[in-house]
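What follows is upload.txt (compact mmCIF, C-alpha atoms and all ligand atoms).
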```txt
# COMPACT_ATOMS: atom_id res chain seq x y z
CA MET A 275 -17.82 9.54 10.65
CA THR A 276 -16.72 7.76 13.82
CA HIS A 277 -15.45 4.21 13.63
CA PRO A 278 -15.92 1.61 16.35
CA TRP A 279 -12.14 1.16 16.59
CA ALA A 280 -11.51 4.91 16.93
CA ASP A 281 -11.25 6.83 20.18
CA ASP A 282 -11.02 10.60 20.58
CA GLU A 283 -7.31 10.53 19.81
CA THR A 284 -7.53 8.57 16.56
CA ALA A 285 -10.64 10.50 15.48
CA ALA A 286 -8.68 13.73 15.96
CA LEU A 287 -5.76 12.17 14.07
CA THR A 288 -8.01 11.48 11.07
CA GLY A 289 -9.10 15.11 11.10
CA MET A 290 -5.56 16.43 11.40
CA ALA A 291 -4.26 14.08 8.70
CA ARG A 292 -7.06 15.02 6.30
CA LYS A 293 -6.22 18.71 6.73
CA PHE A 294 -2.55 17.87 6.19
CA PHE A 295 -3.17 15.99 2.93
CA LEU A 296 -5.51 18.69 1.64
CA ALA A 297 -2.95 21.41 2.40
CA GLU A 298 0.35 19.69 1.67
CA SER A 299 -0.30 16.99 -0.90
CA VAL A 300 -3.40 17.64 -3.00
CA PRO A 301 -2.25 21.11 -4.23
CA HIS A 302 1.01 19.56 -5.51
CA ARG A 303 -0.59 16.54 -7.15
CA GLU A 304 -0.05 17.62 -10.74
CA LYS A 305 3.65 18.25 -10.15
CA ALA A 306 3.97 14.88 -8.43
CA GLU A 307 2.13 13.22 -11.31
CA ALA A 308 4.53 14.79 -13.80
CA ASN A 309 7.55 13.71 -11.72
CA LYS A 310 5.99 10.29 -10.99
CA HIS A 311 6.77 10.76 -7.31
CA VAL A 312 5.97 13.14 -4.47
CA ASP A 313 8.63 15.55 -3.20
CA ARG A 314 10.89 14.49 -0.35
CA GLU A 315 9.61 17.59 1.42
CA LEU A 316 6.20 15.92 1.79
CA TRP A 317 7.81 12.98 3.59
CA ARG A 318 9.62 15.32 5.98
CA LYS A 319 6.52 17.42 6.64
CA ALA A 320 4.48 14.27 7.28
CA GLY A 321 7.18 13.07 9.65
CA SER A 322 7.24 16.37 11.51
CA VAL A 323 3.51 16.15 12.32
CA GLY A 324 3.59 12.48 13.31
CA LEU A 325 2.07 10.86 10.22
CA LEU A 326 4.97 8.46 9.58
CA CYS A 327 5.58 5.27 11.57
CA ALA A 328 2.63 6.11 13.83
CA SER A 329 2.42 2.56 15.18
CA ILE A 330 6.15 2.07 15.78
CA PRO A 331 7.32 2.30 19.43
CA GLU A 332 8.40 5.73 20.61
CA GLU A 333 11.82 4.43 21.64
CA TYR A 334 12.56 3.96 17.93
CA GLY A 335 11.22 7.37 16.95
CA GLY A 336 7.69 6.25 16.09
CA GLY A 337 4.39 7.50 17.38
CA GLY A 338 3.85 4.65 19.83
CA GLY A 339 0.35 4.04 18.51
CA THR A 340 -1.51 0.99 17.23
CA PHE A 341 -2.98 -0.07 13.91
CA ALA A 342 -5.88 2.29 14.74
CA HIS A 343 -3.50 5.20 14.18
CA GLU A 344 -2.40 3.80 10.81
CA ALA A 345 -6.03 3.20 9.84
CA ALA A 346 -6.88 6.77 10.82
CA ILE A 347 -4.09 8.17 8.64
CA GLN A 348 -4.87 5.91 5.68
CA THR A 349 -8.57 6.77 5.91
CA ALA A 350 -7.69 10.48 5.76
CA GLN A 351 -5.32 10.03 2.82
CA SER A 352 -7.78 7.95 0.79
CA SER A 353 -10.68 10.24 1.65
CA VAL A 354 -9.01 13.02 -0.36
CA GLY A 355 -8.01 10.71 -3.20
CA ASP A 356 -4.27 10.90 -2.54
CA THR A 357 -2.68 7.80 -4.04
CA GLY A 358 0.77 9.28 -4.61
CA PHE A 359 2.21 9.31 -1.12
CA GLY A 360 3.58 5.83 -0.36
CA ASN A 361 3.14 5.99 3.39
CA SER A 362 1.27 2.73 3.77
CA VAL A 363 4.16 0.78 2.23
CA HIS A 364 6.68 2.81 4.24
CA SER A 365 4.98 2.93 7.66
CA VAL A 366 2.44 0.14 7.74
CA ILE A 367 4.52 -2.49 5.92
CA CYS A 368 8.28 -1.76 5.83
CA ALA A 369 8.61 -0.22 9.30
CA HIS A 370 6.82 -3.23 10.74
CA TYR A 371 9.18 -5.67 9.06
CA ILE A 372 12.07 -3.81 10.70
CA ASN A 373 10.28 -3.54 14.03
CA ALA A 374 9.29 -7.20 14.04
CA TYR A 375 12.52 -8.80 12.79
CA GLY A 376 15.27 -6.20 13.24
CA THR A 377 17.88 -6.25 15.96
CA ASP A 378 17.85 -3.40 18.44
CA GLU A 379 20.80 -1.89 16.54
CA GLN A 380 18.96 -2.11 13.19
CA LYS A 381 15.85 -0.53 14.65
CA ARG A 382 17.85 2.35 16.12
CA ARG A 383 19.70 2.80 12.83
CA TRP A 384 16.68 2.89 10.52
CA LEU A 385 13.38 3.56 12.26
CA PRO A 386 13.99 7.10 13.59
CA GLY A 387 14.97 8.25 10.07
CA MET A 388 11.89 6.57 8.64
CA ALA A 389 9.70 8.30 11.24
CA SER A 390 11.15 11.71 10.41
CA GLY A 391 10.92 11.22 6.63
CA ASP A 392 14.68 11.43 6.17
CA LEU A 393 14.72 7.81 5.07
CA VAL A 394 12.15 6.42 2.63
CA CYS A 395 11.71 2.66 2.60
CA ALA A 396 10.50 0.18 -0.02
CA ILE A 397 9.99 -3.57 -0.03
CA ALA A 398 11.05 -5.47 -3.12
CA MET A 399 9.47 -8.87 -3.62
CA THR A 400 8.20 -8.82 -7.20
CA GLU A 401 10.51 -9.58 -10.11
CA PRO A 402 9.90 -9.39 -13.84
CA GLY A 403 9.47 -13.19 -13.89
CA CYS A 404 7.52 -13.68 -10.66
CA GLY A 405 4.91 -11.95 -8.57
CA SER A 406 2.22 -14.25 -7.23
CA ASP A 407 4.61 -17.19 -7.27
CA LEU A 408 7.09 -15.60 -4.89
CA LYS A 409 8.93 -18.87 -4.32
CA ALA A 410 10.25 -18.61 -7.88
CA LEU A 411 12.20 -15.42 -7.18
CA ARG A 412 15.71 -15.32 -8.63
CA THR A 413 17.43 -12.42 -6.85
CA THR A 414 20.32 -13.77 -4.79
CA ALA A 415 22.38 -12.45 -1.88
CA ILE A 416 25.39 -14.73 -1.59
CA GLN A 417 27.59 -14.39 1.47
CA ASN A 418 31.20 -13.51 0.81
CA GLY A 419 33.09 -12.94 4.07
CA ASP A 420 31.19 -10.41 6.11
CA GLU A 421 29.13 -9.19 3.16
CA PHE A 422 26.26 -10.37 0.98
CA VAL A 423 26.65 -9.81 -2.74
CA VAL A 424 23.21 -9.04 -4.18
CA ASN A 425 22.31 -9.73 -7.80
CA GLY A 426 18.95 -9.55 -9.54
CA ASN A 427 16.11 -7.33 -10.76
CA LYS A 428 12.92 -6.20 -9.05
CA THR A 429 9.95 -4.47 -10.62
CA PHE A 430 6.76 -2.56 -9.70
CA ILE A 431 8.40 -1.41 -6.45
CA THR A 432 6.43 1.29 -4.63
CA ASN A 433 8.71 4.08 -3.30
CA GLY A 434 11.46 2.39 -5.34
CA GLY A 435 12.81 5.45 -7.12
CA GLN A 436 13.14 7.47 -3.92
CA ALA A 437 14.04 4.68 -1.52
CA ASP A 438 16.99 5.05 0.83
CA LEU A 439 16.30 1.58 2.21
CA VAL A 440 15.06 -1.39 0.24
CA ILE A 441 14.03 -4.58 2.02
CA VAL A 442 15.01 -7.10 -0.63
CA VAL A 443 13.34 -10.50 -0.60
CA CYS A 444 16.05 -12.73 -2.01
CA LYS A 445 17.73 -16.13 -1.87
CA THR A 446 20.70 -16.22 0.48
CA ASP A 447 20.83 -19.99 0.09
CA PRO A 448 19.65 -20.83 -3.42
CA GLU A 449 20.76 -24.45 -3.08
CA VAL A 450 18.19 -25.00 -0.31
CA PRO A 451 14.95 -26.29 -1.88
CA GLY A 452 11.55 -24.69 -1.37
CA VAL A 453 11.19 -21.46 0.53
CA HIS A 454 13.89 -22.11 3.12
CA GLY A 455 16.64 -20.35 1.18
CA ILE A 456 14.74 -17.04 1.12
CA SER A 457 15.82 -14.19 3.42
CA LEU A 458 15.28 -10.47 3.83
CA VAL A 459 18.31 -8.23 3.26
CA VAL A 460 18.19 -4.44 3.68
CA VAL A 461 20.04 -2.52 0.99
CA GLU A 462 21.00 1.04 1.95
CA THR A 463 20.88 2.63 -1.47
CA GLN A 464 23.05 5.71 -0.88
CA ASN A 465 26.60 4.98 -2.01
CA ALA A 466 25.78 1.42 -2.99
CA PRO A 467 27.83 0.67 -6.11
CA GLY A 468 25.94 -1.66 -8.45
CA TYR A 469 22.52 -0.49 -7.25
CA SER A 470 20.46 1.39 -9.80
CA VAL A 471 16.89 2.52 -10.32
CA GLY A 472 15.46 1.86 -13.75
CA ARG A 473 12.39 3.51 -15.15
CA LEU A 474 9.74 5.10 -12.99
CA LEU A 475 6.92 3.15 -14.57
CA ASP A 476 4.06 4.65 -16.61
CA LYS A 477 0.89 3.36 -15.05
CA MET A 478 -2.83 3.39 -15.79
CA GLY A 479 -3.41 5.37 -12.57
CA MET A 480 -1.64 6.39 -9.37
CA HIS A 481 0.56 8.61 -11.53
CA ALA A 482 2.05 10.42 -8.53
CA SER A 483 3.08 7.14 -6.92
CA ASP A 484 6.73 6.19 -7.29
CA THR A 485 6.75 2.74 -8.90
CA ALA A 486 10.15 1.62 -10.10
CA GLU A 487 12.33 -1.09 -11.49
CA LEU A 488 15.40 -1.81 -9.35
CA PHE A 489 18.65 -3.44 -10.43
CA PHE A 490 21.25 -5.10 -8.23
CA ASP A 491 24.57 -5.80 -9.90
CA ASN A 492 27.04 -7.20 -7.35
CA VAL A 493 25.76 -4.84 -4.65
CA ARG A 494 27.75 -5.48 -1.47
CA VAL A 495 25.77 -5.34 1.76
CA PRO A 496 27.13 -6.01 5.28
CA VAL A 497 25.90 -9.35 6.65
CA ASN A 498 24.44 -7.50 9.60
CA ASN A 499 21.85 -6.02 7.20
CA LEU A 500 20.13 -9.41 7.21
CA LEU A 501 16.65 -8.76 8.63
CA GLY A 502 15.55 -11.55 10.90
CA ALA A 503 16.68 -15.15 10.68
CA ARG A 504 18.44 -16.41 7.59
CA GLY A 505 16.19 -18.66 5.52
CA LYS A 506 13.02 -17.40 7.22
CA GLY A 507 12.25 -14.59 4.77
CA PHE A 508 9.26 -16.28 3.19
CA ILE A 509 7.64 -17.02 6.54
CA GLN A 510 8.39 -13.51 7.78
CA THR A 511 6.74 -12.11 4.66
CA MET A 512 3.66 -14.29 5.11
CA THR A 513 3.40 -13.21 8.75
CA GLN A 514 3.21 -9.54 7.78
CA LEU A 515 0.65 -10.02 5.02
CA PRO A 516 -2.58 -9.63 7.06
CA GLN A 517 -1.66 -6.07 8.00
CA GLU A 518 -0.70 -5.28 4.38
CA ARG A 519 -3.99 -6.70 3.13
CA LEU A 520 -6.05 -4.94 5.75
CA ILE A 521 -4.59 -1.51 5.03
CA LEU A 522 -5.65 -1.98 1.39
CA GLY A 523 -9.19 -2.59 2.65
CA VAL A 524 -9.02 0.48 4.88
CA GLY A 525 -8.04 2.63 1.91
CA GLY A 526 -10.59 0.93 -0.33
CA ILE A 527 -13.61 1.67 1.84
CA ALA A 528 -12.53 5.31 2.27
CA VAL A 529 -12.37 5.65 -1.52
CA MET A 530 -15.84 4.14 -1.88
CA GLU A 531 -17.24 6.62 0.62
CA TYR A 532 -15.56 9.45 -1.27
CA ALA A 533 -16.95 8.22 -4.61
CA LEU A 534 -20.47 7.92 -3.21
CA ALA A 535 -20.36 11.41 -1.69
CA GLU A 536 -19.10 12.88 -4.96
CA ALA A 537 -21.80 11.08 -6.97
CA ILE A 538 -24.60 12.21 -4.65
CA ALA A 539 -23.40 15.83 -4.76
CA TYR A 540 -22.97 15.78 -8.53
CA THR A 541 -26.31 14.18 -9.38
CA LYS A 542 -28.14 16.57 -7.08
CA SER A 543 -26.57 19.55 -8.83
CA ARG A 544 -26.76 18.42 -12.46
CA GLU A 545 -29.95 19.48 -14.19
CA ALA A 546 -31.63 17.30 -16.79
CA PHE A 547 -35.16 16.68 -18.05
CA GLY A 548 -36.64 19.49 -15.96
CA GLY A 549 -35.14 18.26 -12.67
CA THR A 550 -31.81 16.90 -11.50
CA LEU A 551 -30.08 13.64 -12.32
CA PHE A 552 -30.81 12.62 -8.75
CA ASP A 553 -34.55 12.80 -9.44
CA LEU A 554 -34.30 10.01 -12.01
CA GLN A 555 -35.27 6.65 -10.59
CA ASN A 556 -32.25 4.88 -12.04
CA THR A 557 -29.89 7.33 -10.34
CA ARG A 558 -31.68 6.90 -7.04
CA PHE A 559 -31.58 3.10 -7.30
CA VAL A 560 -27.92 3.02 -8.31
CA LEU A 561 -26.98 5.29 -5.42
CA ALA A 562 -29.15 3.30 -3.02
CA GLU A 563 -27.32 0.12 -4.09
CA CYS A 564 -23.94 1.80 -3.72
CA ALA A 565 -24.83 3.20 -0.30
CA THR A 566 -25.79 -0.32 0.80
CA LEU A 567 -22.55 -1.86 -0.49
CA VAL A 568 -20.54 0.92 1.15
CA LYS A 569 -22.26 0.37 4.48
CA VAL A 570 -21.70 -3.39 4.40
CA ALA A 571 -18.06 -2.93 3.39
CA ARG A 572 -17.51 -0.31 6.09
CA THR A 573 -18.97 -2.61 8.74
CA PHE A 574 -16.76 -5.50 7.61
CA VAL A 575 -13.57 -3.41 7.41
CA ASP A 576 -14.19 -1.79 10.79
CA ASP A 577 -14.69 -5.22 12.32
CA CYS A 578 -11.40 -6.44 10.79
CA VAL A 579 -9.56 -3.34 12.03
CA ALA A 580 -10.92 -3.85 15.54
CA LYS A 581 -9.89 -7.53 15.44
CA HIS A 582 -6.41 -6.67 14.16
CA ILE A 583 -5.90 -4.14 16.95
CA GLN A 584 -6.71 -6.98 19.38
CA GLY A 585 -4.25 -9.27 17.53
CA GLU A 586 -7.14 -11.47 16.39
CA LEU A 587 -7.25 -10.97 12.61
CA ASP A 588 -6.44 -14.28 10.95
CA ASN A 589 -4.87 -14.68 7.53
CA VAL A 590 -8.01 -16.00 5.90
CA THR A 591 -10.18 -13.10 7.03
CA ALA A 592 -7.48 -10.64 5.93
CA SER A 593 -7.53 -12.29 2.49
CA MET A 594 -11.33 -11.95 2.43
CA THR A 595 -11.01 -8.24 3.22
CA LYS A 596 -8.46 -7.72 0.49
CA TRP A 597 -10.32 -9.41 -2.37
CA TRP A 598 -13.85 -8.49 -1.43
CA VAL A 599 -13.36 -4.85 -0.52
CA SER A 600 -11.24 -4.17 -3.60
CA ASP A 601 -13.83 -5.90 -5.77
CA ILE A 602 -16.70 -3.88 -4.28
CA GLN A 603 -14.57 -0.75 -4.58
CA GLY A 604 -14.30 -1.39 -8.32
CA GLN A 605 -18.06 -1.90 -8.64
CA VAL A 606 -19.05 1.14 -6.59
CA VAL A 607 -16.59 3.51 -8.24
CA ASP A 608 -17.65 2.31 -11.69
CA LYS A 609 -21.37 2.78 -10.95
CA CYS A 610 -20.70 6.25 -9.53
CA GLN A 611 -18.51 7.18 -12.49
CA GLN A 612 -21.33 6.32 -14.90
CA LEU A 613 -23.56 8.93 -13.24
CA PHE A 614 -21.10 11.69 -14.17
CA GLY A 615 -21.59 11.15 -17.92
CA GLY A 616 -18.71 12.60 -19.93
CA TYR A 617 -17.42 14.48 -16.90
CA GLY A 618 -16.69 11.11 -15.35
CA PHE A 619 -14.07 10.61 -18.04
CA MET A 620 -12.31 13.93 -17.42
CA TRP A 621 -9.10 13.87 -15.41
CA GLU A 622 -9.97 16.94 -13.35
CA TYR A 623 -12.90 15.08 -11.79
CA PRO A 624 -11.90 13.06 -8.70
CA ILE A 625 -14.17 10.20 -9.79
CA THR A 626 -12.01 9.68 -12.89
CA ARG A 627 -8.86 9.43 -10.80
CA MET A 628 -10.63 7.08 -8.41
CA ALA A 629 -11.55 4.79 -11.30
CA ALA A 630 -8.02 4.77 -12.71
CA ASP A 631 -6.21 4.62 -9.37
CA GLY A 632 -8.44 1.94 -7.87
CA ARG A 633 -8.03 -0.70 -10.56
CA VAL A 634 -4.76 -1.95 -9.12
CA GLN A 635 -6.35 -2.71 -5.76
CA ARG A 636 -7.48 -6.04 -7.22
CA ILE A 637 -3.96 -6.83 -8.42
CA TYR A 638 -1.33 -5.78 -5.89
CA GLY A 639 -0.94 -6.92 -2.30
CA GLY A 640 -1.66 -10.38 -3.68
CA ALA A 641 -3.92 -10.74 -6.73
CA ASN A 642 -7.55 -11.35 -5.76
CA GLU A 643 -7.46 -14.83 -7.29
CA VAL A 644 -4.56 -15.69 -4.98
CA MET A 645 -6.66 -14.47 -2.04
CA LYS A 646 -9.46 -16.82 -3.06
CA GLU A 647 -6.99 -19.72 -3.27
CA LEU A 648 -5.83 -18.94 0.27
CA ILE A 649 -9.42 -18.80 1.52
CA ALA A 650 -10.34 -22.00 -0.30
CA ARG A 651 -7.47 -23.87 1.37
CA SER A 652 -9.09 -23.18 4.74
CA LEU A 653 -12.47 -24.58 3.76
C1 LIG A 701 1.24 -0.04 -8.75
C2 LIG A 701 1.89 -1.30 -8.23
C3 LIG A 701 2.64 -1.25 -7.05
C4 LIG A 701 3.27 -2.39 -6.58
N1 LIG A 701 4.08 -2.30 -5.46
C5 LIG A 701 4.85 -3.37 -5.13
C6 LIG A 701 5.85 -3.26 -4.10
O1 LIG A 701 5.99 -2.22 -3.45
N2 LIG A 701 6.63 -4.33 -3.84
C7 LIG A 701 6.50 -5.51 -4.52
O2 LIG A 701 7.25 -6.43 -4.26
N3 LIG A 701 5.56 -5.65 -5.50
C8 LIG A 701 4.76 -4.62 -5.81
N4 LIG A 701 3.81 -4.74 -6.82
C9 LIG A 701 3.67 -6.02 -7.51
C10 LIG A 701 2.37 -6.74 -7.20
O3 LIG A 701 2.36 -7.20 -5.89
C11 LIG A 701 2.24 -7.87 -8.25
O4 LIG A 701 2.00 -7.24 -9.49
C12 LIG A 701 1.16 -8.86 -7.92
O5 LIG A 701 1.52 -9.62 -6.78
C13 LIG A 701 0.89 -9.82 -9.07
O6 LIG A 701 2.09 -10.38 -9.54
P1 LIG A 701 2.41 -10.35 -11.12
O7 LIG A 701 2.23 -8.95 -11.60
O8 LIG A 701 3.72 -11.00 -11.34
O9 LIG A 701 1.27 -11.22 -11.79
P2 LIG A 701 1.24 -12.82 -11.96
O10 LIG A 701 1.75 -13.48 -10.74
O11 LIG A 701 1.88 -13.14 -13.26
O12 LIG A 701 -0.31 -13.07 -12.07
C14 LIG A 701 -1.09 -12.56 -13.15
C15 LIG A 701 -2.55 -12.90 -12.91
O13 LIG A 701 -2.71 -14.32 -12.92
C16 LIG A 701 -3.69 -14.70 -12.00
N5 LIG A 701 -3.09 -15.61 -10.99
C17 LIG A 701 -1.82 -15.59 -10.49
N6 LIG A 701 -1.65 -16.55 -9.59
C18 LIG A 701 -2.81 -17.23 -9.50
C19 LIG A 701 -3.28 -18.34 -8.75
N7 LIG A 701 -2.47 -18.97 -7.87
N8 LIG A 701 -4.53 -18.78 -8.95
C20 LIG A 701 -5.34 -18.17 -9.82
N9 LIG A 701 -4.98 -17.10 -10.56
C21 LIG A 701 -3.74 -16.63 -10.42
C22 LIG A 701 -4.22 -13.42 -11.34
O14 LIG A 701 -5.35 -12.98 -12.06
C23 LIG A 701 -3.07 -12.44 -11.55
O15 LIG A 701 -3.52 -11.09 -11.55
C24 LIG A 701 3.12 -3.62 -7.28
C25 LIG A 701 2.35 -3.66 -8.44
C26 LIG A 701 1.74 -2.54 -8.92
C27 LIG A 701 0.97 -2.62 -10.21
```
Represent the structure from my file as structure tokens, please.
Amino acid sequence: MTHPWADDETAALTGMARKFFLAESVPHREKAEANKHVDRELWRKAGSVGLLCASIPEEYGGGGGTFAHEAAIQTAQSSVGDTGFGNSVHSVICAHYINAYGTDEQKRRWLPGMASGDLVCAIAMTEPGCGSDLKALRTTAIQNGDEFVVNGNKTFITNGGQADLVIVVCKTDPEVPGVHGISLVVVETQNAPGYSVGRLLDKMGMHASDTAELFFDNVRVPVNNLLGARGKGFIQTMTQLPQERLILGVGGIAVMEYALAEAIAYTKSREAFGGTLFDLQNTRFVLAECATLVKVARTFVDDCVAKHIQGELDNVTASMTKWWVSDIQGQVVDKCQQLFGGYGFMWEYPITRMAADGRVQRIYGGANEVMKELIARSL
């Protein structure tokens, strides 16, 4: 399928990336699920073919592309049901924090390694006691001479177990009220005494995705690892959110299209009552409804992607994409799953993984209720 935001180059990129994920990731999924993370080798291979940091400037090792390149790669990854490889957090979110707020020295130090897959990056906002209410975070980074001393716990951190770099959202100035004491500090996890990874968490789905608890016990970080202006961390985070929310929508619509294609193929092949499941009027109506929802969602997401490439996607519309697409994704996948009967409950069927993996789309990246609050404030 061609997208209005895609040109020949990004269309070819989707094709190349899809082949890459089918060859390099899908065959190793069960091992990654058992390990609760993909192999580092996958990161390096993805880097070697240009799938990491595709929209980071070439001078910092990236692909020099736009959000269209990231959307092309995410579409390919989601179209094969790969939810283990944490590239969207690494390339679409973390690399853009560094590119937007980092000094030239920081960008040269971190981005080329992220583009090659030698460095894996995570962003740690959520804590055991706060997620949606980010202002309540308790992790601190207190300056002591030319270092910050970081203390606190983070949880649910994607890429956390494997991360070489963690962008920690923390309070550098806890005495400052409101959000103005929050900053972003990059912890380089190799040889960082006091830094430890807790459990790789057991999740309902996305079993191959590395989701970890992180602990900071007097971790000393050079003050020049501060990312952006001190005290501006909350605003910096809010500024990056539209892209984070949109990439969830890009993945969500690709999953819906995958689910619909699987359900059509299955119901046309499954025999029952002297015909196929597809011949039954209920099946036809359910699939017709799903096809309609998928088309509407695809049109909306494509429009948002095109706007974002032009720098015109506002926060409210990004919030609409996030809640609505993830909600429709849940409905479409569930309706399709029903058509598989008992096979739709078996792990070897992609539809089962889609149902389990997709549930979190309504929770992370900002819970859908929080998105509705943000939209309502604009009304
Ligand atoms: C697989 C996975 C990966 C994740 N990856 C990362 C990561 O890489 N980095 C990171 O920092 N975090 C990550 N998260 C955390 C995720 O962003 C949070 O779980 C999410 O923001 C919700 O926060 P919470 O879990 O603390 O829920 P809470 O904030 O306790 O909210 C619970 C529920 O209350 C309701 N609610 C909350 N606030 C409001 C409101 N204002 N109005 C109405 N209802 C509300 C919603 O229904 C919400 O789901 C990840 C989570 C998961 C499950």
What does the list of residues within 8 Å of ligand LIG 701 (chain A) look like if you count only C-alpha atoms and all ligand atoms, written as an NGL selection string? :A and (363 or 396-407 or 428-434 or 477 or 480 or 483 or 485 or 634 or 636-644 or 646-647)
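Closest to A:Met530 among A:Asp420, A:Glu449, A:Asp553, A:Asp608 is A:Asp608, based on all atoms listed in the file.
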Of the listed residues A:Lys596, A:Arg412, A:Arg558, A:His582, that which approaches A:Phe490 most closely, counting only C-alpha atoms: A:Arg412
What's the 10 Å shell around A:Gly452, counting only C-alpha atoms, without same-chain residues fewer than 2 positions away, as a ChimeraX atom specification? /A:409-410,448-450,454-456,508
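Across the structure, atom CA of A:Pro624 and atom CA of A:Gly360 are spaced 19.0 Å apart.
As for atom CA of A:Thr414 and atom CA of A:Leu385, they are spaced 25.3 Å apart.
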The residues within 12 Å of (0.0, 19.3, -0.3), using all atoms listed in the file and the coordinates of the file, should be reported as a PDB file with C-alpha atoms, in the frame of the given file; which are they?
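Printed below is out.pdb as written:
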```pdb
ATOM      1  CA  ALA A 291      -4.260  14.080   8.700  1.00  0.00           C
ATOM      2  CA  ARG A 292      -7.060  15.020   6.300  1.00  0.00           C
ATOM      3  CA  LYS A 293      -6.220  18.710   6.730  1.00  0.00           C
ATOM      4  CA  PHE A 294      -2.550  17.870   6.190  1.00  0.00           C
ATOM      5  CA  PHE A 295      -3.170  15.990   2.930  1.00  0.00           C
ATOM      6  CA  LEU A 296      -5.510  18.690   1.640  1.00  0.00           C
ATOM      7  CA  ALA A 297      -2.950  21.410   2.400  1.00  0.00           C
ATOM      8  CA  GLU A 298       0.350  19.690   1.670  1.00  0.00           C
ATOM      9  CA  SER A 299      -0.300  16.990  -0.900  1.00  0.00           C
ATOM     10  CA  VAL A 300      -3.400  17.640  -3.000  1.00  0.00           C
ATOM     11  CA  PRO A 301      -2.250  21.110  -4.230  1.00  0.00           C
ATOM     12  CA  HIS A 302       1.010  19.560  -5.510  1.00  0.00           C
ATOM     13  CA  ARG A 303      -0.590  16.540  -7.150  1.00  0.00           C
ATOM     14  CA  GLU A 304      -0.050  17.620 -10.740  1.00  0.00           C
ATOM     15  CA  LYS A 305       3.650  18.250 -10.150  1.00  0.00           C
ATOM     16  CA  ALA A 306       3.970  14.880  -8.430  1.00  0.00           C
ATOM     17  CA  VAL A 312       5.970  13.140  -4.470  1.00  0.00           C
ATOM     18  CA  ASP A 313       8.630  15.550  -3.200  1.00  0.00           C
ATOM     19  CA  ARG A 314      10.890  14.490  -0.350  1.00  0.00           C
ATOM     20  CA  GLU A 315       9.610  17.590   1.420  1.00  0.00           C
ATOM     21  CA  LEU A 316       6.200  15.920   1.790  1.00  0.00           C
ATOM     22  CA  TRP A 317       7.810  12.980   3.590  1.00  0.00           C
ATOM     23  CA  LYS A 319       6.520  17.420   6.640  1.00  0.00           C
ATOM     24  CA  ALA A 320       4.480  14.270   7.280  1.00  0.00           C
ATOM     25  CA  GLN A 351      -5.320  10.030   2.820  1.00  0.00           C
ATOM     26  CA  VAL A 354      -9.010  13.020  -0.360  1.00  0.00           C
ATOM     27  CA  ASP A 356      -4.270  10.900  -2.540  1.00  0.00           C
ATOM     28  CA  GLY A 358       0.770   9.280  -4.610  1.00  0.00           C
ATOM     29  CA  PHE A 359       2.210   9.310  -1.120  1.00  0.00           C
TER      30      PHE A 359
END
```
Surrounding residues of A:Val461 excluding itself and chain neighbours under 5 positions, 12 Å, all atoms listed in the file, as a tab-separated table (two decimals) with C-alpha atoms, in the coordinates of the input:
```tsv
chain	number	residue	atom	x	y	z
A	384	TRP	CA	16.68	2.89	10.52
A	395	CYS	CA	11.71	2.66	2.60
A	396	ALA	CA	10.50	0.18	-0.02
A	397	ILE	CA	9.99	-3.57	-0.03
A	398	ALA	CA	11.05	-5.47	-3.12
A	415	ALA	CA	22.38	-12.45	-1.88
A	421	GLU	CA	29.13	-9.19	3.16
A	422	PHE	CA	26.26	-10.37	0.98
A	423	VAL	CA	26.65	-9.81	-2.74
A	424	VAL	CA	23.21	-9.04	-4.18
A	425	ASN	CA	22.31	-9.73	-7.80
A	434	GLY	CA	11.46	2.39	-5.34
A	437	ALA	CA	14.04	4.68	-1.52
A	438	ASP	CA	16.99	5.05	0.83
A	439	LEU	CA	16.30	1.58	2.21
A	440	VAL	CA	15.06	-1.39	0.24
A	441	ILE	CA	14.03	-4.58	2.02
A	442	VAL	CA	15.01	-7.10	-0.63
A	443	VAL	CA	13.34	-10.50	-0.60
A	444	CYS	CA	16.05	-12.73	-2.01
A	466	ALA	CA	25.78	1.42	-2.99
A	467	PRO	CA	27.83	0.67	-6.11
A	468	GLY	CA	25.94	-1.66	-8.45
A	469	TYR	CA	22.52	-0.49	-7.25
A	470	SER	CA	20.46	1.39	-9.80
A	488	LEU	CA	15.40	-1.81	-9.35
A	489	PHE	CA	18.65	-3.44	-10.43
A	490	PHE	CA	21.25	-5.10	-8.23
A	492	ASN	CA	27.04	-7.20	-7.35
A	493	VAL	CA	25.76	-4.84	-4.65
A	494	ARG	CA	27.75	-5.48	-1.47
A	495	VAL	CA	25.77	-5.34	1.76
A	496	PRO	CA	27.13	-6.01	5.28
A	497	VAL	CA	25.90	-9.35	6.65
A	498	ASN	CA	24.44	-7.50	9.60
A	499	ASN	CA	21.85	-6.02	7.20
A	500	LEU	CA	20.13	-9.41	7.21
A	501	LEU	CA	16.65	-8.76	8.63
```
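In terms of minimum interatomic distance to A:Arg473, A:Lys310 ranks closest within A:Lys569, A:Gly289, A:Lys310, A:Gly335, counting only C-alpha atoms.
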Atom CA of A:Thr595 to atom CA of A:Ala650, straight-line distance in Å: 14.2 Å
Counting only C-alpha atoms, the residue of A:Ala528, A:Val590, A:Val366, A:Leu613 that sits nearest A:Arg544: A:Leu613
Point out the residue among A:Leu475, A:Ile538, A:Ala345, A:Val570 with the least atom-to-atom distance to A:Cys610, counting all atoms listed in the file. A:Ile538
Quick one: residues within 6 Å of stretch 322-332 of chain A, only C-alpha atoms counted, chain neighbours fewer than 5 positions away excluded, as an mmCIF file with C-alpha atoms, in the coordinates of the input?
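Everything below was put into part-v1.cif:
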```cif
data_model
loop_
_atom_site.group_PDB
_atom_site.id
_atom_site.type_symbol
_atom_site.label_atom_id
_atom_site.label_comp_id
_atom_site.auth_asym_id
_atom_site.auth_seq_id
_atom_site.Cartn_x
_atom_site.Cartn_y
_atom_site.Cartn_z
ATOM 1 C CA GLY A 337 4.390 7.500 17.380
ATOM 2 C CA GLY A 338 3.850 4.650 19.830
ATOM 3 C CA GLY A 339 0.350 4.040 18.510
ATOM 4 C CA THR A 340 -1.510 0.990 17.230
ATOM 5 C CA SER A 365 4.980 2.930 7.660
ATOM 6 C CA ALA A 389 9.700 8.300 11.240
#
```
